[in-house]
$ cat model14.csv   # CSV, C-alpha atoms
chain,number,residue,atom,x,y,z
U,1,MET,CA,0.0,0.0,0.0
U,2,LYS,CA,1.2,3.5,-0.8
U,3,LEU,CA,0.4,6.6,1.3
U,4,THR,CA,1.6,10.2,1.0
U,5,ILE,CA,1.2,12.7,3.8
U,6,THR,CA,2.2,16.4,3.6
U,7,VAL,CA,3.5,18.0,6.8
U,8,SER,CA,4.6,21.6,7.5
U,9,GLY,CA,8.3,20.6,8.1
U,10,ALA,CA,10.4,17.7,9.3
U,11,PHE,CA,13.6,16.7,11.0
U,12,ILE,CA,15.4,14.6,8.4
U,13,GLY,CA,18.2,12.1,8.5
U,14,ASP,CA,20.5,11.0,11.4
U,15,GLU,CA,21.5,14.6,12.0
U,16,LEU,CA,17.9,15.7,12.3
U,17,SER,CA,18.4,18.5,9.8
U,18,TYR,CA,15.2,20.6,9.9
U,19,VAL,CA,13.6,21.1,6.5
U,20,ASP,CA,10.8,23.6,6.2
U,21,GLY,CA,7.8,22.5,4.1
U,22,PRO,CA,5.4,21.7,2.8
U,23,LEU,CA,7.0,18.3,2.7
U,24,ALA,CA,5.3,15.3,1.1
U,25,ILE,CA,6.4,12.0,2.7
U,26,THR,CA,5.5,8.9,0.7
U,27,ILE,CA,5.3,5.6,2.5
U,28,GLU,CA,5.1,2.3,0.6
U,29,ASP,CA,5.1,-1.2,2.2
U,30,GLY,CA,6.1,0.3,5.5
U,31,THR,CA,9.1,2.2,4.1
U,32,ILE,CA,9.7,5.9,3.3
U,33,VAL,CA,10.3,6.0,-0.4
U,34,SER,CA,10.4,9.7,-1.0
U,35,ILE,CA,10.5,13.1,0.9
U,36,GLU,CA,9.8,16.0,-1.5
U,37,ARG,CA,8.9,19.7,-1.1
U,38,HIS,CA,5.4,19.9,-2.4
U,39,VAL,CA,1.8,19.1,-1.4
U,40,GLU,CA,0.4,15.7,-2.1
U,41,GLY,CA,-1.9,13.1,-0.5
U,42,VAL,CA,-3.3,13.7,3.0
U,43,ASP,CA,-2.8,17.3,4.0
U,44,LEU,CA,-1.3,17.4,7.5
U,45,ARG,CA,0.3,20.8,7.3
U,46,GLY,CA,-0.8,21.4,10.9
U,47,PHE,CA,1.9,19.0,12.0
U,48,ILE,CA,5.7,18.6,11.9
U,49,ALA,CA,7.4,15.2,11.6
U,50,LEU,CA,10.3,13.7,13.4
U,51,PRO,CA,11.3,10.1,14.5
U,52,PRO,CA,9.2,8.8,17.4
U,53,LEU,CA,10.9,9.0,20.8
U,54,ALA,CA,13.0,6.1,21.9
U,55,ASN,CA,12.8,5.0,25.6
U,56,MET,CA,16.1,3.2,25.9
U,57,HIS,CA,15.7,1.8,29.4
U,58,ALA,CA,12.5,0.9,31.2
U,59,HIS,CA,11.4,-1.6,33.9
U,60,VAL,CA,7.8,-1.9,33.0
U,61,LEU,CA,6.4,-4.5,35.5
U,62,ASP,CA,6.9,-2.0,38.3
U,63,LEU,CA,3.9,-0.2,37.2
U,64,ALA,CA,1.7,-2.9,38.8
U,65,ILE,CA,3.0,-1.7,42.2
U,66,ALA,CA,3.3,2.0,41.6
U,67,GLU,CA,4.6,4.1,44.5
U,68,GLU,CA,4.9,1.2,46.9
U,69,GLY,CA,7.9,1.8,49.2
U,70,TRP,CA,8.4,5.3,47.9
U,71,ASP,CA,10.1,6.5,51.1
U,72,LEU,CA,12.7,3.6,51.1
U,73,ASP,CA,16.3,3.7,49.8
U,74,ILE,CA,17.0,2.4,46.3
U,75,ASP,CA,18.4,-1.0,47.5
U,76,SER,CA,15.4,-1.6,49.8
U,77,VAL,CA,13.0,-0.9,46.9
U,78,VAL,CA,14.6,-2.4,43.8
U,79,GLY,CA,17.6,-4.3,45.0
U,80,GLU,CA,17.7,-7.8,43.3
U,81,PRO,CA,16.3,-10.2,44.5
U,82,TYR,CA,15.4,-9.1,48.0
U,83,GLY,CA,14.0,-5.6,47.3
U,84,LEU,CA,10.3,-4.8,48.0
U,85,LYS,CA,9.7,-4.7,44.3
U,86,TYR,CA,10.5,-8.4,43.9
U,87,VAL,CA,8.6,-9.4,47.0
U,88,LEU,CA,5.4,-7.6,45.8
U,89,LEU,CA,5.6,-8.5,42.1
U,90,LYS,CA,5.9,-12.2,42.9
U,91,LYS,CA,2.5,-12.1,44.7
U,92,LEU,CA,0.7,-10.7,41.7
U,93,SER,CA,-1.2,-12.7,39.1
U,94,ARG,CA,-0.2,-13.0,35.5
U,95,ASP,CA,-3.2,-10.9,34.5
U,96,ALA,CA,-2.2,-8.1,36.8
U,97,LEU,CA,1.3,-8.0,35.4
U,98,SER,CA,0.0,-8.2,31.8
U,99,ARG,CA,-2.3,-5.3,32.5
U,100,ALA,CA,0.6,-3.2,33.7
U,101,LEU,CA,2.5,-4.0,30.5
U,102,GLU,CA,-0.4,-3.0,28.3
U,103,SER,CA,-1.0,0.2,30.3
U,104,PHE,CA,2.7,1.2,30.0
U,105,TYR,CA,2.9,0.6,26.3
U,106,ASN,CA,-0.4,2.3,25.5
U,107,TYR,CA,0.7,5.4,27.5
U,108,SER,CA,4.1,5.4,25.8
U,109,LEU,CA,2.4,5.6,22.4
U,110,LYS,CA,0.3,8.6,23.6
U,111,CYS,CA,3.6,10.2,24.6
U,112,GLY,CA,5.0,9.7,21.1
U,113,VAL,CA,7.3,6.8,21.9
U,114,GLY,CA,7.9,4.3,19.1
U,115,LEU,CA,10.7,2.3,20.5
U,116,ILE,CA,11.3,0.8,23.9
U,117,VAL,CA,14.2,-1.1,25.4
U,118,GLU,CA,12.7,-3.0,28.3
U,119,PHE,CA,14.4,-4.9,31.1
U,120,ARG,CA,12.0,-7.8,31.9
U,121,GLU,CA,12.3,-9.5,35.2
U,122,PHE,CA,11.6,-13.2,36.2
U,123,GLY,CA,13.4,-15.1,33.4
U,124,VAL,CA,11.3,-17.2,31.0
U,125,LYS,CA,8.1,-16.6,33.0
U,126,GLY,CA,8.5,-12.9,32.6
U,127,LEU,CA,9.0,-13.1,28.8
U,128,GLU,CA,5.8,-15.2,28.5
U,129,LEU,CA,3.8,-12.2,29.6
U,130,GLY,CA,4.0,-10.8,26.0
U,131,LYS,CA,5.5,-7.7,24.5
U,132,GLY,CA,5.1,-4.8,22.2
U,133,TYR,CA,1.5,-3.7,22.2
U,134,GLY,CA,2.0,-1.7,19.0
U,135,VAL,CA,5.5,-0.3,19.8
U,136,ASN,CA,8.8,-1.6,18.6
U,137,ALA,CA,9.8,-3.4,21.8
U,138,TYR,CA,13.3,-4.7,22.5
U,139,VAL,CA,12.8,-6.9,25.6
U,140,MET,CA,15.9,-7.7,27.5
U,141,ALA,CA,15.6,-10.9,29.5
U,142,MET,CA,16.7,-10.8,33.1
U,143,PRO,CA,17.7,-14.2,34.5
U,144,SER,CA,15.4,-15.7,37.2
U,145,SER,CA,18.4,-16.1,39.6
U,146,HIS,CA,22.0,-15.1,39.8
U,147,ASP,CA,23.1,-18.7,39.7
U,148,VAL,CA,21.5,-19.1,36.3
U,149,SER,CA,22.1,-22.3,34.2
U,150,ILE,CA,23.3,-22.3,30.6
U,151,ASP,CA,20.0,-24.0,29.7
U,152,GLU,CA,18.0,-21.1,31.0
U,153,LEU,CA,20.3,-18.5,29.3
U,154,SER,CA,19.8,-20.4,26.0
U,155,LYS,CA,16.1,-20.2,26.3
U,156,LEU,CA,16.1,-16.6,27.3
U,157,ILE,CA,18.2,-15.5,24.2
U,158,GLU,CA,15.7,-17.3,21.9
U,159,LEU,CA,12.7,-15.6,23.5
U,160,SER,CA,14.1,-12.1,23.8
U,161,SER,CA,16.0,-9.3,22.1
U,162,GLY,CA,19.0,-9.9,24.4
U,163,PHE,CA,20.1,-9.8,28.0
U,164,GLY,CA,19.5,-7.1,30.6
U,165,ILE,CA,22.1,-7.4,33.4
U,166,SER,CA,21.0,-5.9,36.7
U,167,SER,CA,24.7,-5.8,37.8
U,168,PRO,CA,27.8,-7.6,36.6
U,169,LEU,CA,28.7,-8.1,40.3
U,170,TYR,CA,25.8,-10.5,40.7
U,171,PHE,CA,27.0,-13.0,38.2
U,172,SER,CA,30.1,-15.2,37.8
U,173,ASP,CA,32.6,-14.6,35.0
U,174,ASP,CA,31.4,-17.8,33.3
U,175,VAL,CA,27.7,-16.6,33.3
U,176,LEU,CA,28.7,-13.2,32.0
U,177,LYS,CA,30.9,-14.7,29.3
U,178,THR,CA,28.0,-17.0,28.2
U,179,MET,CA,25.6,-14.0,28.0
U,180,LEU,CA,28.0,-12.1,25.8
U,181,LYS,CA,28.7,-15.1,23.7
U,182,LEU,CA,25.1,-16.1,23.1
U,183,ALA,CA,24.0,-12.5,22.3
U,184,LYS,CA,26.8,-12.1,19.8
U,185,ALA,CA,26.1,-15.5,18.1
U,186,LYS,CA,22.4,-14.6,17.8
U,187,GLY,CA,22.9,-11.0,16.7
U,188,LYS,CA,21.2,-9.7,19.8
U,189,TYR,CA,22.0,-7.2,22.5
U,190,VAL,CA,23.4,-6.9,26.0
U,191,PHE,CA,22.5,-3.9,28.2
U,192,ALA,CA,24.0,-3.6,31.7
U,193,HIS,CA,23.4,-1.5,34.8
U,194,ILE,CA,26.7,0.2,35.6
U,195,ALA,CA,27.7,2.7,38.3
U,196,GLU,CA,24.1,3.5,39.3
U,197,VAL,CA,25.2,3.9,42.9
U,198,ARG,CA,28.7,4.6,44.3
U,199,GLU,CA,29.0,1.3,46.1
U,200,VAL,CA,28.8,-0.9,42.9
U,201,ARG,CA,31.2,1.4,41.1
U,202,ASP,CA,33.7,1.1,44.0
U,203,GLU,CA,33.4,-2.7,43.8
U,204,GLY,CA,34.5,-2.6,40.1
U,205,ASP,CA,31.3,-3.4,38.2
U,206,LEU,CA,32.6,-1.7,35.0
U,207,GLU,CA,36.0,-3.4,35.1
U,208,LYS,CA,34.4,-6.8,35.6
U,209,LEU,CA,32.1,-6.5,32.6
U,210,LEU,CA,34.7,-5.0,30.2
U,211,ARG,CA,37.3,-7.6,31.1
U,212,LEU,CA,34.9,-10.1,29.6
U,213,GLY,CA,33.7,-8.2,26.6
U,214,ASN,CA,31.7,-5.1,25.4
U,215,PRO,CA,28.0,-4.7,26.0
U,216,THR,CA,25.7,-3.0,23.5
U,217,ALA,CA,25.3,-0.2,26.0
U,218,ILE,CA,25.6,0.6,29.7
U,219,VAL,CA,22.8,2.1,31.7
U,220,HIS,CA,23.0,4.9,34.3
U,221,GLY,CA,26.7,5.6,34.6
U,222,VAL,CA,26.1,8.0,37.5
U,223,TRP,CA,29.4,7.3,39.2
U,224,LEU,CA,31.7,7.0,36.2
U,225,SER,CA,35.0,8.8,36.5
U,226,GLY,CA,36.7,10.8,33.8
U,227,ASN,CA,38.9,7.7,33.0
U,228,ASP,CA,35.8,5.6,32.8
U,229,VAL,CA,34.2,7.9,30.3
U,230,VAL,CA,37.3,7.9,28.1
U,231,MET,CA,37.2,4.1,28.2
U,232,LEU,CA,33.6,4.1,26.9
U,233,ARG,CA,34.6,6.4,24.1
U,234,GLU,CA,37.6,4.3,23.2
U,235,ARG,CA,35.5,1.2,23.1
U,236,GLU,CA,32.6,3.0,21.4
U,237,ILE,CA,30.1,1.9,24.1
U,238,PRO,CA,27.0,4.0,24.3
U,239,LEU,CA,25.5,5.2,27.6
U,240,ILE,CA,21.8,5.3,28.6
U,241,LEU,CA,21.0,8.1,31.0
U,242,CYS,CA,18.0,8.1,33.3
U,243,PRO,CA,18.1,11.5,34.9
U,244,ARG,CA,14.8,11.6,36.7
U,245,SER,CA,15.1,8.1,38.1
U,246,ASN,CA,18.6,8.9,39.4
U,247,ARG,CA,17.3,12.0,41.1
U,248,TRP,CA,14.3,10.1,42.6
U,249,PHE,CA,16.4,7.3,44.0
U,250,LEU,CA,19.0,9.7,45.2
U,251,SER,CA,21.7,8.0,43.2
U,252,GLY,CA,23.3,11.3,42.0
U,253,ASP,CA,23.9,13.0,38.7
U,254,ALA,CA,26.0,11.6,35.8
U,255,ARG,CA,29.0,13.7,34.8
U,256,LEU,CA,27.4,15.2,31.8
U,257,ASP,CA,30.3,17.6,31.1
U,258,LEU,CA,32.7,14.7,30.7
U,259,ILE,CA,30.1,12.6,28.7
U,260,TYR,CA,29.4,15.5,26.4
U,261,ARG,CA,33.1,16.5,25.9
U,262,GLU,CA,34.1,12.9,25.1
U,263,GLY,CA,31.4,12.5,22.5
U,264,ILE,CA,29.7,9.5,24.1
U,265,VAL,CA,26.6,8.4,22.2
U,266,ILE,CA,23.8,8.6,24.7
U,267,GLY,CA,20.2,7.5,24.9
U,268,LEU,CA,17.5,8.3,27.4
U,269,GLY,CA,15.4,6.1,29.6
U,270,THR,CA,12.6,6.5,32.1
U,271,ASP,CA,13.7,3.4,34.2
U,272,ASN,CA,11.3,2.1,36.9
U,273,ALA,CA,7.7,2.8,35.8
U,274,GLY,CA,6.5,2.2,39.4
U,275,TRP,CA,8.2,5.3,40.7
U,276,VAL,CA,9.0,7.4,37.7
U,277,LYS,CA,6.2,8.5,35.4
U,278,PRO,CA,7.1,7.1,31.9
U,279,ASP,CA,7.1,10.4,30.1
U,280,LEU,CA,10.4,10.6,28.2
U,281,TRP,CA,9.7,14.3,27.4
U,282,ARG,CA,10.4,15.1,31.1
U,283,ASP,CA,13.8,13.4,31.0
U,284,ALA,CA,14.7,15.3,27.9
U,285,GLU,CA,14.0,18.6,29.5
U,286,GLU,CA,15.7,17.5,32.7
U,287,LEU,CA,18.8,16.7,30.6
U,288,LEU,CA,18.6,20.1,28.8
U,289,LEU,CA,18.4,22.0,32.0
U,290,LYS,CA,21.3,20.1,33.6
U,291,LEU,CA,23.5,20.8,30.6
U,292,ARG,CA,22.5,24.5,30.6
U,293,TYR,CA,23.6,24.6,34.3
U,294,LEU,CA,27.0,23.3,33.2
U,295,GLY,CA,27.3,26.0,30.5
U,296,ILE,CA,26.5,23.6,27.7
U,297,ASN,CA,23.7,24.8,25.4
U,298,ASP,CA,23.2,22.0,22.8
U,299,PRO,CA,19.5,21.1,22.4
U,300,LYS,CA,20.2,19.2,19.2
U,301,TRP,CA,22.4,16.8,21.3
U,302,VAL,CA,19.4,16.2,23.5
U,303,LEU,CA,16.9,15.7,20.7
U,304,LYS,CA,19.3,13.2,19.1
U,305,ALA,CA,19.4,11.3,22.4
U,306,LEU,CA,15.6,11.4,22.5
U,307,THR,CA,15.2,9.9,19.0
U,308,VAL,CA,17.8,9.0,16.3
U,309,ASN,CA,20.6,7.8,18.7
U,310,ALA,CA,18.5,4.7,19.2
U,311,GLY,CA,19.5,3.7,15.6
U,312,ASN,CA,23.2,4.1,16.4
U,313,ILE,CA,22.9,2.1,19.6
U,314,LEU,CA,20.8,-0.8,18.2
U,315,GLY,CA,22.4,-0.9,14.7
U,316,LEU,CA,19.3,0.1,12.7
U,317,ARG,CA,18.0,3.2,10.8
U,318,TYR,CA,15.7,5.1,13.1
U,319,GLU,CA,15.3,8.3,11.2
U,320,LEU,CA,13.2,10.1,8.6
U,321,SER,CA,15.0,9.4,5.3
U,322,GLU,CA,14.4,7.5,2.1
U,323,GLY,CA,14.8,3.8,2.5
U,324,ALA,CA,14.2,3.9,6.2
U,325,LYS,CA,11.2,2.3,7.9
U,326,ALA,CA,8.3,4.7,8.2
U,327,ASN,CA,8.6,5.5,11.9
U,328,ILE,CA,7.1,9.0,12.2
U,329,LEU,CA,5.9,11.1,15.1
U,330,LEU,CA,3.5,14.0,14.2
U,331,LEU,CA,3.5,17.0,16.6
U,332,ARG,CA,0.9,19.7,16.5
U,333,ASN,CA,2.5,22.9,15.2
U,334,ASP,CA,-0.3,25.1,16.6
U,335,LEU,CA,1.1,24.5,20.1
U,336,LEU,CA,4.8,24.1,19.1
U,337,MET,CA,4.8,27.2,16.8
U,338,LEU,CA,8.0,26.0,15.1
U,339,GLY,CA,7.7,28.6,12.4
U,340,SER,CA,8.3,31.5,14.7
U,341,ILE,CA,11.2,29.9,16.8
U,342,ARG,CA,14.7,30.1,15.4
U,343,ASN,CA,16.2,27.2,17.3
U,344,LYS,CA,13.9,24.3,16.2
U,345,TYR,CA,15.7,21.7,18.4
U,346,LEU,CA,15.2,23.8,21.5
U,347,ALA,CA,11.6,24.3,20.7
U,348,VAL,CA,10.9,20.5,20.4
U,349,VAL,CA,12.8,19.6,23.6
U,350,LYS,CA,11.6,22.4,25.7
U,351,ARG,CA,8.0,22.6,24.6
U,352,GLY,CA,7.3,19.1,23.5
U,353,GLY,CA,5.0,16.8,25.5
U,354,PRO,CA,2.2,14.3,25.2
U,355,GLU,CA,-0.3,17.0,24.5
U,356,LEU,CA,1.4,17.8,21.2
U,357,VAL,CA,1.3,14.3,19.9
U,358,GLY,CA,-1.1,14.1,17.0
U,359,GLY,CA,-0.2,10.6,15.6
U,360,VAL,CA,2.5,7.9,15.6
U,361,PHE,CA,3.4,5.7,12.6
U,362,ILE,CA,5.3,2.5,13.4
U,363,ASP,CA,6.8,0.8,10.4
U,364,GLY,CA,4.3,2.5,8.2
U,365,ASP,CA,1.2,1.7,10.3
U,366,LEU,CA,-0.8,4.4,12.0
U,367,ARG,CA,-0.7,3.1,15.6
U,368,TYR,CA,-1.9,6.1,17.5
U,369,CYS,CA,-4.0,9.2,16.9
U,370,SER,CA,-4.9,11.7,19.7
U,371,GLU,CA,-8.4,12.9,20.4
U,372,GLU,CA,-7.2,16.4,19.4
U,373,ALA,CA,-6.3,15.1,16.0
U,374,LYS,CA,-9.6,13.5,14.9
U,375,THR,CA,-9.4,15.2,11.6
U,376,LEU,CA,-6.0,13.6,11.0
U,377,CYS,CA,-7.2,10.2,11.9
U,378,ASN,CA,-10.4,10.5,9.8
U,379,SER,CA,-8.4,11.8,6.8
U,380,LEU,CA,-5.9,9.0,7.0
U,381,ARG,CA,-8.4,6.3,7.5
U,382,ASP,CA,-10.6,7.6,4.6
U,383,PHE,CA,-7.5,7.7,2.4
U,384,ILE,CA,-6.4,4.3,3.3
U,385,SER,CA,-9.8,2.7,2.9
U,386,ARG,CA,-9.9,4.0,-0.7
U,387,ARG,CA,-6.6,2.3,-1.7

$ encode --input "model14.csv" --output "C-alpha cells"
Amino acid sequence: MKLTITVSGAFIGDELSYVDGPLAITIEDGTIVSIERHVEGVDLRGFIALPPLANMHAHVLDLAIAEEGWDLDIDSVVGEPYGLKYVLLKKLSRDALSRALESFYNYSLKCGVGLIVEFREFGVKGLELGKGYGVNAYVMAMPSSHDVSIDELSKLIELSSGFGISSPLYFSDDVLKTMLKLAKAKGKYVFAHIAEVREVRDEGDLEKLLRLGNPTAIVHGVWLSGNDVVMLREREIPLILCPRSNRWFLSGDARLDLIYREGIVIGLGTDNAGWVKPDLWRDAEELLLKLRYLGINDPKWVLKALTVNAGNILGLRYELSEGAKANILLLRNDLLMLGSIRNKYLAVVKRGGPELVGGVFIDGDLRYCSEEAKTLCNSLRDFISRR
C-alpha cells in the first residue's frame, strides 16, 4: 500500500536536519520511499514530523505496584532479588502483570514513543507475559536467579532481544561470558546497569564486565570517573541516561560535562515505571536543564538522544529518510509554533510533550491518533480505505 502525507516541516536524517515544508512524505510497504517539497496526498500541514521518541531503558512491570515503598532507599526498593519490588511482584497474578505492561505501552504511544528497550524480570516466565502492544519493543531478558544455568540462558536468548544485566557483580565470570557469547552469536543485545550507585562502582562493576567483553550499552553511569568515560569512548560503548530516576532514587547525577566532551553516544530512559512517570519528554527537558547549568547549550544533542541515537545504539536506521522504515511522530504545530522559533531543536525539547502528539506511525502503520487530532485520523483512514 502507498500513502503520502504532507507536513509543514520535518527533522530529516540521522543529524535531524530541519527542512521547512510543505514536505510530502510517501510511504510504501512500511518504508519511506520519498521526501519532497510539495503538497500531495493527505494534508497534514498542521503537524511537523520527526522520528518517534525512543525510551532506551524501562522496567515496566513495576507499574503494577506503583509508588509502593516510595520512602525507602534504592536498595530496599529495587535491589535484586530481595527488594520490596520483587517481593510484591511475585505475589501478583499473570493478568495483573500483563495489564501493567499493556498500560505502559499504551501510554508510551500517547507520549509519542515508538521504540522501547525494556528490562523484563523473572526469566522465562517474565518473557511469557507478552511484548510490544504496538510499539517496537526490544525486551531484554533478566535471568530468574544469579546462579543461572546455561540451559535457561539459551532459552532466554531465543525468546528475547537480548540480556538485561542488573549488575555484573551479581554473576560469575562464566555466566557473563556466556551471556555475551550467546548474544553475539544470535545477533542480539546486552545492556547492563553500571555505576548506578557509588557502592557498585567502588566494587568494580565496569571493570568486571569490560574484562569479559563489550556490552551493547551501559545504563545509568552516574558514578563513572573521567577515565571511565574515556574508556567508553575508546570502546565505542553508548550510555543510557536516566536523569529523573537517578534523582528520585538519590543516586546522584552523571558527569554530563565529561560525557558531552568525550562525545559519548547517549540514549534516554525512564527506568522504573512504578516510581518514575514514563514520560520521556520530562527526561529530555531535565537533561537540557542540567546541561545548561553546566554551561552547555546544545538542544540538538538532547533531541538526538531522544530519537535517532536509538539507531546508532541498536544498529538500525531510526530516522526520517528515504529507504528507512516509516517510523514517524507527528507533533501539533499550533502548540509548538515552530515557524516562529529560530532554534527548532530547543523548541521541540523544551516545549514538547504528550499534549502535542497528533499521531504515531510504526513501520508505516498508524498506531496512535490523539483525540485532538480526529481530523488527522479520519483523513488518513478515509484515504487508506480507498486504496

$ residues_around --input "model14.csv" --residues "Tyr170 of chain U" --least-positions-apart "5" --cutoff "12 Å" --atoms "all atoms listed in the file" --output "ChimeraX atom specification"
/U:79-81,142-143,145-148,165,175-176,192-194,200,203-205,208-209

$ closest_residue --input "model14.csv" --among "U:Asn312, U:Asn333, U:Asn297, U:Ser245" --to "Gly9 of chain U" --atoms "only C-alpha atoms"
U:Asn333

$ closest_residue --input "model14.csv" --among "U:Ala310, U:Leu127, U:Val78, U:Leu330" --to "Ile48 of chain U" --atoms "all atoms listed in the file"
U:Leu330

$ closest_residue --input "model14.csv" --among "U:Leu241, U:Ala284, U:Leu356, U:Val230" --to "Glu262 of chain U" --atoms "all atoms listed in the file"
U:Val230

$ residues_around --input "model14.csv" --residues "Ile218 of chain U" --least-positions-apart "4" --cutoff "12 Å" --atoms "only C-alpha atoms" --output "short mmCIF file (atom, residue, chain, number, x, y, z; two decimals) with C-alpha atoms, in the coordinates of the input"
data_model
loop_
_atom_site.label_atom_id
_atom_site.label_comp_id
_atom_site.auth_asym_id
_atom_site.auth_seq_id
_atom_site.Cartn_x
_atom_site.Cartn_y
_atom_site.Cartn_z
CA MET U 56 16.10 3.20 25.90
CA HIS U 57 15.70 1.80 29.40
CA PHE U 163 20.10 -9.80 28.00
CA GLY U 164 19.50 -7.10 30.60
CA ILE U 165 22.10 -7.40 33.40
CA SER U 166 21.00 -5.90 36.70
CA SER U 167 24.70 -5.80 37.80
CA PRO U 168 27.80 -7.60 36.60
CA TYR U 189 22.00 -7.20 22.50
CA VAL U 190 23.40 -6.90 26.00
CA PHE U 191 22.50 -3.90 28.20
CA ALA U 192 24.00 -3.60 31.70
CA HIS U 193 23.40 -1.50 34.80
CA ILE U 194 26.70 0.20 35.60
CA ALA U 195 27.70 2.70 38.30
CA GLU U 196 24.10 3.50 39.30
CA ASP U 205 31.30 -3.40 38.20
CA LEU U 206 32.60 -1.70 35.00
CA LEU U 209 32.10 -6.50 32.60
CA LEU U 210 34.70 -5.00 30.20
CA ASN U 214 31.70 -5.10 25.40
CA VAL U 222 26.10 8.00 37.50
CA LEU U 224 31.70 7.00 36.20
CA ASP U 228 35.80 5.60 32.80
CA VAL U 229 34.20 7.90 30.30
CA LEU U 232 33.60 4.10 26.90
CA ARG U 235 35.50 1.20 23.10
CA GLU U 236 32.60 3.00 21.40
CA ILE U 237 30.10 1.90 24.10
CA PRO U 238 27.00 4.00 24.30
CA LEU U 239 25.50 5.20 27.60
CA ILE U 240 21.80 5.30 28.60
CA LEU U 241 21.00 8.10 31.00
CA CYS U 242 18.00 8.10 33.30
CA ILE U 264 29.70 9.50 24.10
CA VAL U 265 26.60 8.40 22.20
CA ILE U 266 23.80 8.60 24.70
CA GLY U 267 20.20 7.50 24.90
CA LEU U 268 17.50 8.30 27.40
CA GLY U 269 15.40 6.10 29.60
CA ILE U 313 22.90 2.10 19.60
#

$ residues_around --input "model14.csv" --residues "Leu287 of chain U" --least-positions-apart "3" --cutoff "9 Å" --atoms "all atoms listed in the file" --output "ChimeraX atom specification"
/U:241,243-244,256,282-284,290-292,302

$ closest_residue --input "model14.csv" --among "U:Lys177, U:Lys125, U:Arg367, U:Arg233" --to "Leu329 of chain U" --atoms "only C-alpha atoms"
U:Arg367

$ residues_around --input "model14.csv" --residues "Asp253 of chain U" --least-positions-apart "2" --cutoff "9 Å" --atoms "all atoms listed in the file" --output "PyMOL selection string"
chain U and resi 221-223+243+246-247+250-251+255-256

$ residues_around --input "model14.csv" --residues "segment 348-352 of chain U" --least-positions-apart "6" --cutoff "7 Å" --atoms "all atoms listed in the file" --output "PyMOL selection string"
chain U and resi 281+284-285+299+303+336

$ closest_residue --input "model14.csv" --among "U:Asp14, U:Asp298, U:Glu40, U:Asp202" --to "Arg317 of chain U" --atoms "only C-alpha atoms"
U:Asp14

$ atom_distance --input "model14.csv" --atom1 "atom CA of Tyr368 of chain U" --atom2 "atom CA of Ala324 of chain U"
19.8 Å

$ closest_residue --input "model14.csv" --among "U:Val360, U:Leu169, U:Met337, U:Val77" --to "Leu50 of chain U" --atoms "only C-alpha atoms"
U:Val360

$ atom_distance --input "model14.csv" --atom1 "atom CA of Ser149 of chain U" --atom2 "atom CA of Thr178 of chain U"
9.9 Å

$ closest_atom_pairs --input "model14.csv" --of "segment 206-303 of chain U" --to "segment 106-111 of chain U" --cutoff "10 Å" --atoms "only C-alpha atoms" --output "Markdown table"
| residue | atom | partner | partner_atom | distance |
| --- | --- | --- | --- | --- |
| U:Pro278 | CA | U:Ser108 | CA | 7.0 |
| U:Asp279 | CA | U:Cys111 | CA | 6.5 |
| U:Leu280 | CA | U:Cys111 | CA | 7.7 |
| U:Trp281 | CA | U:Cys111 | CA | 7.9 |
